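data.txt, holding compact mmCIF, C-alpha atoms:
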# COMPACT_ATOMS: atom_id res chain seq x y z
CA MET Q 1 -17.20 37.37 22.40
CA THR Q 2 -14.63 34.67 23.04
CA MET Q 3 -17.22 32.52 24.82
CA ASN Q 4 -19.62 32.80 21.88
CA PHE Q 5 -16.88 31.85 19.41
CA THR Q 6 -15.97 28.82 21.52
CA ARG Q 7 -19.60 27.73 21.67
CA VAL Q 8 -20.02 28.10 17.91
CA SER Q 9 -16.79 26.22 17.19
CA ARG Q 10 -17.93 23.33 19.39
CA MET Q 11 -21.34 23.17 17.72
CA LEU Q 12 -19.72 23.30 14.30
CA PHE Q 13 -17.38 20.46 15.27
CA PHE Q 14 -20.25 18.10 16.11
CA VAL Q 15 -22.31 19.15 13.08
CA LEU Q 16 -19.41 18.42 10.73
CA LEU Q 17 -18.63 15.17 12.57
CA ALA Q 18 -22.21 13.99 12.00
CA MET Q 19 -22.11 15.07 8.35
CA SER Q 20 -18.86 13.19 7.73
CA ALA Q 21 -20.65 9.87 8.24
CA PHE Q 22 -22.55 10.46 4.99
CA LEU Q 23 -19.73 11.90 2.89
CA SER Q 24 -17.01 10.17 0.86
CA PRO Q 25 -13.79 9.36 2.76
CA ALA Q 26 -11.90 12.03 0.83
CA MET Q 27 -14.52 14.69 1.61
CA SER Q 28 -14.65 13.71 5.29
CA LEU Q 29 -10.90 14.09 5.57
CA LEU Q 30 -11.01 17.38 3.64
CA ILE Q 31 -13.58 19.08 5.86
CA GLY Q 32 -11.62 17.96 8.92
CA ILE Q 33 -8.47 19.52 7.50
CA VAL Q 34 -10.29 22.74 6.56
CA LEU Q 35 -11.63 22.96 10.12
CA ALA Q 36 -8.15 22.42 11.58
CA LEU Q 37 -6.53 25.04 9.35
CA THR Q 38 -9.24 27.70 9.86
CA ILE Q 39 -10.97 27.91 13.24
CA GLY Q 40 -9.23 24.91 14.79
CA ASN Q 41 -10.42 21.73 16.52
CA ALA Q 42 -12.48 22.42 19.65
CA TYR Q 43 -11.72 18.95 21.06
CA PRO Q 44 -8.14 18.00 20.06
CA SER Q 45 -7.49 15.51 22.89
CA LEU Q 46 -10.87 13.82 22.52
CA SER Q 47 -10.45 13.59 18.76
CA LYS Q 48 -7.07 11.92 19.09
CA ARG Q 49 -8.32 9.26 21.51
CA ALA Q 50 -11.58 8.63 19.67
CA SER Q 51 -9.98 8.38 16.23
CA LYS Q 52 -7.68 5.53 17.26
CA ILE Q 53 -10.54 3.44 18.67
CA ALA Q 54 -12.96 4.24 15.84
CA LEU Q 55 -10.31 3.46 13.23
CA GLN Q 56 -9.80 -0.05 14.55
CA VAL Q 57 -13.54 -0.75 14.93
CA SER Q 58 -14.25 0.40 11.38
CA VAL Q 59 -11.48 -1.78 9.93
CA VAL Q 60 -12.94 -4.85 11.68
CA GLY Q 61 -16.44 -4.04 10.43
CA ILE Q 62 -15.26 -3.71 6.84
CA GLY Q 63 -14.02 -7.30 7.11
CA PHE Q 64 -17.65 -8.45 6.98
CA GLY Q 65 -17.77 -7.24 3.39
CA MET Q 66 -14.90 -9.43 2.16
CA ASN Q 67 -15.12 -12.99 0.88
CA LEU Q 68 -12.03 -15.15 1.37
CA HIS Q 69 -12.75 -17.51 -1.56
CA GLU Q 70 -13.25 -14.71 -4.08
CA SER Q 71 -10.09 -12.95 -3.00
CA LEU Q 72 -7.91 -16.07 -3.16
CA ALA Q 73 -9.39 -17.24 -6.47
CA ALA Q 74 -8.82 -13.86 -8.08
CA GLY Q 75 -5.19 -13.73 -7.07
CA ARG Q 76 -3.88 -17.19 -7.97
CA GLU Q 77 -2.63 -16.32 -11.44
CA GLY Q 78 -1.05 -12.98 -10.55
CA MET Q 79 0.24 -13.97 -7.12
CA LEU Q 80 3.94 -13.62 -8.02
CA PHE Q 81 3.48 -10.16 -9.50
CA THR Q 82 1.39 -9.13 -6.50
CA VAL Q 83 4.13 -10.22 -4.08
CA VAL Q 84 6.86 -8.48 -6.08
CA SER Q 85 4.86 -5.28 -6.53
CA VAL Q 86 3.87 -4.99 -2.86
CA LEU Q 87 7.39 -5.62 -1.57
CA GLY Q 88 8.91 -3.43 -4.29
CA VAL Q 89 6.67 -0.44 -3.56
CA MET Q 90 7.26 -0.74 0.19
CA LEU Q 91 11.04 -0.80 -0.26
CA LEU Q 92 11.01 1.98 -2.87
CA GLY Q 93 8.79 4.14 -0.68
CA VAL Q 94 11.10 3.92 2.31
CA LEU Q 95 14.21 4.63 0.23
CA ILE Q 96 12.77 7.58 -1.73
CA GLY Q 97 11.16 8.94 1.42
CA ARG Q 98 14.57 9.02 3.07
CA LEU Q 99 16.08 10.83 0.08
CA LEU Q 100 13.28 13.43 0.13
CA GLY Q 101 13.55 13.94 3.88
CA VAL Q 102 10.06 12.61 4.62
CA ASP Q 103 9.84 11.12 8.11
CA ARG Q 104 10.02 7.33 8.33
CA LYS Q 105 6.45 6.68 9.46
CA SER Q 106 4.87 8.95 6.84
CA SER Q 107 6.97 7.28 4.12
CA TYR Q 108 5.87 3.87 5.37
CA LEU Q 109 2.21 4.88 5.42
CA ILE Q 110 2.29 6.36 1.90
CA ALA Q 111 4.06 3.26 0.60
CA SER Q 112 1.46 1.05 2.32
CA GLY Q 113 -1.40 2.97 0.74
CA THR Q 114 0.22 2.80 -2.71
CA ALA Q 115 1.17 -0.88 -2.48
CA ILE Q 116 -2.10 -2.30 -1.21
CA CYS Q 117 -5.39 -0.41 -0.96
CA GLY Q 118 -5.01 3.26 -0.21
CA GLY Q 119 -6.74 4.70 2.84
CA SER Q 120 -7.75 1.28 4.18
CA ALA Q 121 -4.12 0.17 4.38
CA ILE Q 122 -3.10 3.42 6.04
CA ALA Q 123 -5.99 3.08 8.48
CA ALA Q 124 -4.88 -0.45 9.40
CA VAL Q 125 -1.12 0.21 9.60
CA GLY Q 126 -1.24 3.61 11.34
CA PRO Q 127 -2.23 2.41 14.84
CA VAL Q 128 0.26 -0.45 14.70
CA ILE Q 129 3.29 1.77 14.01
CA ASP Q 130 1.97 4.38 16.45
CA ALA Q 131 1.66 7.09 13.78
CA ASP Q 132 0.37 10.40 15.08
CA ASP Q 133 -2.56 12.37 13.62
CA ASN Q 134 -0.31 14.62 11.53
CA GLN Q 135 1.44 11.67 9.90
CA MET Q 136 -1.90 9.97 9.26
CA SER Q 137 -3.45 13.12 7.80
CA LEU Q 138 -0.55 13.95 5.48
CA SER Q 139 -0.39 10.35 4.24
CA LEU Q 140 -4.15 10.17 3.63
CA ILE Q 141 -4.16 13.54 1.87
CA THR Q 142 -1.44 12.36 -0.51
CA ILE Q 143 -3.19 9.09 -1.31
CA PHE Q 144 -6.65 10.63 -1.72
CA ILE Q 145 -5.41 13.32 -4.13
CA LEU Q 146 -3.74 10.75 -6.39
CA ASN Q 147 -6.70 8.42 -6.01
CA ALA Q 148 -9.10 11.09 -7.29
CA VAL Q 149 -6.82 11.87 -10.25
CA ALA Q 150 -6.59 8.18 -11.20
CA LEU Q 151 -10.37 7.79 -11.30
CA PHE Q 152 -10.60 10.32 -14.14
CA VAL Q 153 -7.29 9.64 -15.94
CA PHE Q 154 -7.14 5.83 -16.20
CA PRO Q 155 -10.20 5.08 -18.43
CA PRO Q 156 -9.09 7.52 -21.20
CA ILE Q 157 -5.56 6.07 -21.11
CA GLY Q 158 -6.95 2.55 -21.38
CA GLU Q 159 -9.06 3.53 -24.39
CA MET Q 160 -6.16 5.35 -26.03
CA LEU Q 161 -3.96 2.22 -25.69
CA GLY Q 162 -6.75 -0.09 -26.83
CA MET Q 163 -6.61 -2.18 -23.67
CA SER Q 164 -8.99 -5.13 -23.34
CA GLN Q 165 -11.56 -5.21 -20.54
CA THR Q 166 -9.53 -7.81 -18.63
CA ASP Q 167 -6.19 -6.02 -19.04
CA PHE Q 168 -7.65 -2.71 -17.92
CA GLY Q 169 -9.31 -4.34 -14.91
CA VAL Q 170 -6.02 -5.87 -13.76
CA TRP Q 171 -4.10 -2.63 -14.36
CA ALA Q 172 -6.62 -0.51 -12.48
CA ALA Q 173 -6.67 -2.90 -9.52
CA ILE Q 174 -2.88 -2.82 -9.20
CA ALA Q 175 -2.19 0.86 -9.90
CA ILE Q 176 -5.16 2.69 -8.33
CA HIS Q 177 -5.08 3.06 -4.56
CA ASP Q 178 -8.55 2.78 -3.01
CA THR Q 179 -11.11 0.11 -3.84
CA SER Q 180 -13.81 2.76 -4.40
CA SER Q 181 -11.85 4.40 -7.23
CA VAL Q 182 -10.87 1.00 -8.66
CA VAL Q 183 -14.56 0.12 -8.87
CA GLY Q 184 -15.37 3.52 -10.35
CA ALA Q 185 -12.68 3.28 -13.03
CA GLY Q 186 -13.63 -0.30 -13.86
CA ALA Q 187 -17.30 0.60 -14.18
CA ALA Q 188 -16.42 3.49 -16.49
CA TYR Q 189 -14.45 1.14 -18.77
CA GLY Q 190 -16.94 -1.72 -18.95
CA GLU Q 191 -18.77 -4.50 -17.12
CA GLU Q 192 -16.00 -7.10 -17.49
CA ALA Q 193 -13.36 -4.59 -16.43
CA LEU Q 194 -15.42 -3.84 -13.33
CA LYS Q 195 -15.63 -7.52 -12.39
CA VAL Q 196 -11.91 -8.18 -12.91
CA ALA Q 197 -10.82 -4.99 -11.18
CA THR Q 198 -12.96 -5.66 -8.11
CA THR Q 199 -11.83 -9.26 -7.58
CA VAL Q 200 -8.13 -8.53 -8.11
CA LYS Q 201 -8.33 -5.58 -5.75
CA LEU Q 202 -9.86 -7.78 -3.05
CA THR Q 203 -6.83 -10.06 -3.34
CA ARG Q 204 -4.42 -7.19 -2.84
CA ALA Q 205 -6.45 -6.02 0.15
CA LEU Q 206 -5.61 -9.30 1.91
CA TRP Q 207 -1.99 -8.12 2.07
CA ILE Q 208 -3.07 -5.76 4.83
CA ILE Q 209 -2.82 -8.70 7.22
CA PRO Q 210 0.85 -9.73 6.68
CA LEU Q 211 1.85 -6.08 6.30
CA VAL Q 212 0.38 -5.16 9.69
CA ILE Q 213 2.02 -8.17 11.35
CA CYS Q 214 5.42 -7.32 9.83
CA SER Q 215 4.99 -3.68 10.81
CA THR Q 216 4.82 -4.63 14.49
CA PHE Q 217 8.37 -5.99 14.20
CA VAL Q 218 9.77 -3.29 11.87
CA PHE Q 219 8.70 -0.47 14.20
CA ARG Q 220 9.48 -2.22 17.46
CA SER Q 221 11.43 0.11 19.76
CA ARG Q 222 14.27 -1.15 21.90
CA GLY Q 223 13.05 -2.38 25.25
CA LYS Q 224 9.46 -2.16 24.07
CA LYS Q 225 7.32 -5.28 23.89
CA ILE Q 226 5.67 -6.15 20.60
CA THR Q 227 2.03 -5.11 20.68
CA ILE Q 228 -0.20 -7.63 18.96
CA PRO Q 229 -2.62 -5.84 16.60
CA TRP Q 230 -5.74 -7.56 17.92
CA PHE Q 231 -8.03 -5.57 15.67
CA ILE Q 232 -6.43 -7.21 12.62
CA LEU Q 233 -7.13 -10.62 14.16
CA PHE Q 234 -10.76 -9.59 14.56
CA PHE Q 235 -10.68 -8.34 10.95
CA VAL Q 236 -9.65 -11.84 9.84
CA VAL Q 237 -12.36 -13.40 12.02
CA ALA Q 238 -14.95 -11.08 10.46
CA MET Q 239 -13.82 -12.03 6.96
CA VAL Q 240 -13.89 -15.77 7.78
CA MET Q 241 -17.36 -15.43 9.33
CA ASN Q 242 -18.62 -13.63 6.24
CA THR Q 243 -17.25 -16.46 4.10
CA TYR Q 244 -18.23 -19.57 6.05
CA VAL Q 245 -21.08 -18.57 8.39
CA ASP Q 246 -24.55 -18.21 6.93
CA ILE Q 247 -25.14 -14.65 8.07
CA PRO Q 248 -28.02 -12.82 6.35
CA ASP Q 249 -26.84 -10.28 3.79
CA ALA Q 250 -28.92 -7.62 5.51
CA ILE Q 251 -26.83 -8.01 8.67
CA THR Q 252 -23.37 -8.10 7.04
CA GLY Q 253 -24.38 -5.30 4.68
CA GLY Q 254 -25.57 -3.24 7.63
CA ILE Q 255 -22.32 -3.82 9.52
CA VAL Q 256 -20.22 -2.78 6.51
CA ASP Q 257 -22.39 0.30 5.92
CA ILE Q 258 -22.09 1.40 9.55
CA SER Q 259 -18.34 0.72 9.48
CA ARG Q 260 -17.87 2.86 6.38
CA LYS Q 261 -19.83 5.68 8.02
CA LEU Q 262 -17.67 5.31 11.13
CA LEU Q 263 -14.56 5.40 8.93
CA GLY Q 264 -15.77 8.67 7.42
CA MET Q 265 -16.20 10.15 10.90
CA THR Q 266 -12.76 8.83 11.86
CA LEU Q 267 -11.14 10.50 8.87
CA PHE Q 268 -12.81 13.76 9.86
CA LEU Q 269 -11.33 13.42 13.36
CA ILE Q 270 -7.89 12.65 11.94
CA GLY Q 271 -8.05 15.57 9.52
CA SER Q 272 -9.24 17.96 12.23
CA GLY Q 273 -6.15 17.11 14.27
CA LEU Q 274 -3.74 18.28 11.58
CA SER Q 275 -1.19 20.80 12.77
CA VAL Q 276 -0.53 23.93 10.72
CA SER Q 277 3.11 23.96 11.81
CA VAL Q 278 3.66 20.44 10.52
CA VAL Q 279 2.17 21.30 7.12
CA ARG Q 280 4.53 24.27 6.84
CA THR Q 281 7.53 22.20 7.89
CA VAL Q 282 6.88 19.16 5.68
CA GLY Q 283 5.58 21.03 2.63
CA LEU Q 284 5.08 19.11 -0.61
CA ARG Q 285 7.56 16.31 0.06
CA PRO Q 286 4.96 13.64 0.97
CA LEU Q 287 3.01 14.45 -2.19
CA VAL Q 288 6.18 14.16 -4.31
CA LEU Q 289 6.85 10.77 -2.72
CA GLY Q 290 3.30 9.64 -3.46
CA VAL Q 291 3.51 10.77 -7.10
CA VAL Q 292 6.82 8.99 -7.68
CA LEU Q 293 5.55 5.72 -6.18
CA TRP Q 294 2.26 5.95 -8.06
CA ALA Q 295 4.02 6.63 -11.37
CA ALA Q 296 6.38 3.70 -10.79
CA ILE Q 297 3.69 1.12 -10.01
CA SER Q 298 1.38 2.43 -12.78
CA ILE Q 299 4.03 2.23 -15.52
CA ILE Q 300 5.46 -1.12 -14.43
CA ALA Q 301 2.01 -2.67 -14.04
CA LEU Q 302 0.96 -1.36 -17.45
CA LEU Q 303 4.04 -2.86 -19.12
CA VAL Q 304 3.48 -6.22 -17.43
CA VAL Q 305 -0.23 -6.35 -18.28
CA MET Q 306 0.32 -5.34 -21.92
CA THR Q 307 3.16 -7.79 -22.56
CA VAL Q 308 2.03 -10.92 -20.66

Representation of the structure as structure tokens:
Amino acid sequence: MTMNFTRVSRMLFFVLLAMSAFLSPAMSLLIGIVLALTIGNAYPSLSKRASKIALQVSVVGIGFGMNLHESLAAGREGMLFTVVSVLGVMLLGVLIGRLLGVDRKSSYLIASGTAICGGSAIAAVGPVIDADDNQMSLSLITIFILNAVALFVFPPIGEMLGMSQTDFGVWAAIAIHDTSSVVGAGAAYGEEALKVATTVKLTRALWIIPLVICSTFVFRSRGKKITIPWFILFFVVAMVMNTYVDIPDAITGGIVDISRKLLGMTLFLIGSGLSVSVVRTVGLRPLVLGVVLWAAISIIALLVVMTV
């Protein structure tokens, strides 16, 4: 009986892993978590090793979908506010996280996801600060929940306040976590809002690079050498190649598509490594931290956009 259960659990693991490549990031993470909290992960050690490698490869691949000129052009006018908001959210996240008793790395990851671009920022920062699967999972869960809520809540708020297409696009790009939901909210509000939201969000995504570099110094242990995040360097190279090298769209599009599928599988692996004991110990504190940070950046960004 035990042998049959083990065989079934292993088969189910690989079936769900394959499925996760074609699901949304949030759904991939969710089915991994459900697996971990029900029958358990049949390959915990393998999942942990594979997720770290796959995470870095997928981040590099996504770089082939970013254009340096568009990102820089979109962010010239709002550069000061972008700098202040990113630094402010990071600092606020660490401070509030300490008050709530959330561990330092989880607080840093949640703040990173709120300040820049949701799951992508967490995916890039996590390996650099040596976050474990539980910290990654809890941070991603928090960001994805709020991200899903924002997708449905922001357009009605914008309409209620009579926001212009441009103002809504800027607000959505600053206050909503993941690019996918920013695009979704912008599209729901209008064509111009979609264009503005997408370009501004690309600019904020570039902050992944300095954040990752700074993180190597912030989380440097005594007596431990600084580990250079080579995958971020390759991410920059991929973005530069996509901008300056005449690579056929079919190739870059294929790379990005494969990378996003790999990211979905990675999130499944991360979610499947979640520990029940950690969930019980930490409770709702990471979610509270995420809500507070999200409310702060949403309200401040709205006031700035509506008054400038």

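Among the candidates Q:Phe144, Q:Trp171, Q:Phe154, Q:Phe13, the one nearest to Val304 in chain Q when counting all atoms listed in the file is Q:Trp171.
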
Seminar exercise, completed: Taken to one decimal, the CA of Phe268 in chain Q-CA of Ser28 in chain Q distance is 4.9 Å

Would you give me, as a Markdown table, each residue of range 236-287 of chain Q having an atom within 7 Å of an atom of range 135-138 of chain Q, along with its shortest atom pair and that distance in Å to one decimal, using all atoms listed in the file and sorting by chain and residue number?
| residue | atom | partner | partner_atom | distance |
| --- | --- | --- | --- | --- |
| Q:Ile270 | CA | Q:Ser137 | CA | 6.1 |
| Q:Gly271 | CA | Q:Ser137 | CA | 5.5 |
| Q:Leu274 | CA | Q:Ser137 | CA | 6.4 |

Problem set entry | Distance criterion (only C-alpha atoms): nearest to Gly158 in chain Q out of Q:Lys48, Q:Val305, Q:Asn67, Q:Leu17 |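 Comparing Q:Lys48, Q:Val305, Q:Asn67, Q:Leu17 against Gly158 in chain Q, the winner is Q:Val305.
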
Problem set entry | Å distance separating CA of Leu99 in chain Q from CA of Phe219 in chain Q, one decimal place |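 Here the two named atoms are 19.5 Å from each other.
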
For this session: Do a neighbour search on Gly190 in chain Q at 10 Å with all atoms listed in the file, toss out local chain neighbours closer than 4 positions, and write the hits as a PyMOL selection string.
Result: chain Q and resi 155+164-166+168-169+185-186+194-195

Problem set entry | Distance in Å - CA of Phe14 in chain Q versus CA of Arg260 in chain Q |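 Spanning CA of Phe14 in chain Q to CA of Arg260 in chain Q is a straight-line distance of 18.2 Å.
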
Closest atom pairs, range 30-108 of chain Q residues within 9 Å of range 114-133 of chain Q, all atoms listed in the file, as CSV:
residue,atom,partner,partner_atom,distance
Q:Lys48,CA,Q:Asp133,CA,7.1
Q:Ser51,CA,Q:Asp133,CA,8.8
Q:Lys52,CA,Q:Pro127,CA,6.7
Q:Leu55,CA,Q:Ala123,CA,6.4
Q:Gln56,CA,Q:Ala124,CA,7.1
Q:Val59,CA,Q:Ala124,CA,6.8
Q:Ser85,CA,Q:Ala115,CA,7.0
Q:Val86,CA,Q:Ala115,CA,4.9
Q:Leu87,CA,Q:Ala115,CA,7.9
Q:Gly88,CA,Q:Ala115,CA,8.3
Q:Val89,CA,Q:Ala115,CA,5.6
Q:Met90,CA,Q:Ala115,CA,6.7
Q:Gly93,CA,Q:Thr114,CA,8.9
Q:Lys105,CA,Q:Ala131,CA,6.5
Q:Ser106,CA,Q:Ala131,CA,7.9
Q:Tyr108,CA,Q:Val125,CA,9.0

Selection file, C-alpha atoms, as an mmCIF file, in the coordinates of the input:
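For reference, out.cif as written:
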data_model
loop_
_atom_site.group_PDB
_atom_site.id
_atom_site.type_symbol
_atom_site.label_atom_id
_atom_site.label_comp_id
_atom_site.auth_asym_id
_atom_site.auth_seq_id
_atom_site.Cartn_x
_atom_site.Cartn_y
_atom_site.Cartn_z
ATOM 1 C CA LYS Q 48 -7.070 11.920 19.090
ATOM 2 C CA SER Q 51 -9.980 8.380 16.230
ATOM 3 C CA LYS Q 52 -7.680 5.530 17.260
ATOM 4 C CA LEU Q 55 -10.310 3.460 13.230
ATOM 5 C CA GLN Q 56 -9.800 -0.050 14.550
ATOM 6 C CA VAL Q 59 -11.480 -1.780 9.930
ATOM 7 C CA SER Q 85 4.860 -5.280 -6.530
ATOM 8 C CA VAL Q 86 3.870 -4.990 -2.860
ATOM 9 C CA LEU Q 87 7.390 -5.620 -1.570
ATOM 10 C CA GLY Q 88 8.910 -3.430 -4.290
ATOM 11 C CA VAL Q 89 6.670 -0.440 -3.560
ATOM 12 C CA MET Q 90 7.260 -0.740 0.190
ATOM 13 C CA GLY Q 93 8.790 4.140 -0.680
ATOM 14 C CA LYS Q 105 6.450 6.680 9.460
ATOM 15 C CA SER Q 106 4.870 8.950 6.840
ATOM 16 C CA TYR Q 108 5.870 3.870 5.370
#

For this session: Can you work out which one of Q:Ala50, Q:Leu30, Q:Val245, Q:Ser45 has the shortest atom-to-atom distance to Phe64 in chain Q, counting all atoms listed in the file?
Result: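 Among the listed residues, Q:Val245 lies closest to Phe64 in chain Q.
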
Draw an axis-aligned box over all listed atoms of range 120-137 of chain Q, pad each side with 6 Å, and write its centre and edge lengths in Å, one decimal, as JSON.
{"center_x": -2.2, "center_y": 7.1, "center_z": 10.3, "size_x": 23.0, "size_y": 27.1, "size_z": 24.3}

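Compared by their closest atoms to Ala187 in chain Q, and using all atoms listed in the file, the residues Q:Ile157, Q:Ala172, Q:Leu140, Q:Ile213 rank with Q:Ala172 nearest.
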
For this session: Pull the neighbourhood of (7.2, 9.8, -0.3) for me: all residues within 7 Å in file coordinates, counting only C-alpha atoms, as an MDAnalysis selection string.
Result: chainID Q and resid 93 96:97 102 107 110 285:290

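Counting only C-alpha atoms, the residue from Q:Leu92, Q:Ile62, Q:Ile174, Q:Met265 that sits nearest to Lys201 in chain Q is Q:Ile174.
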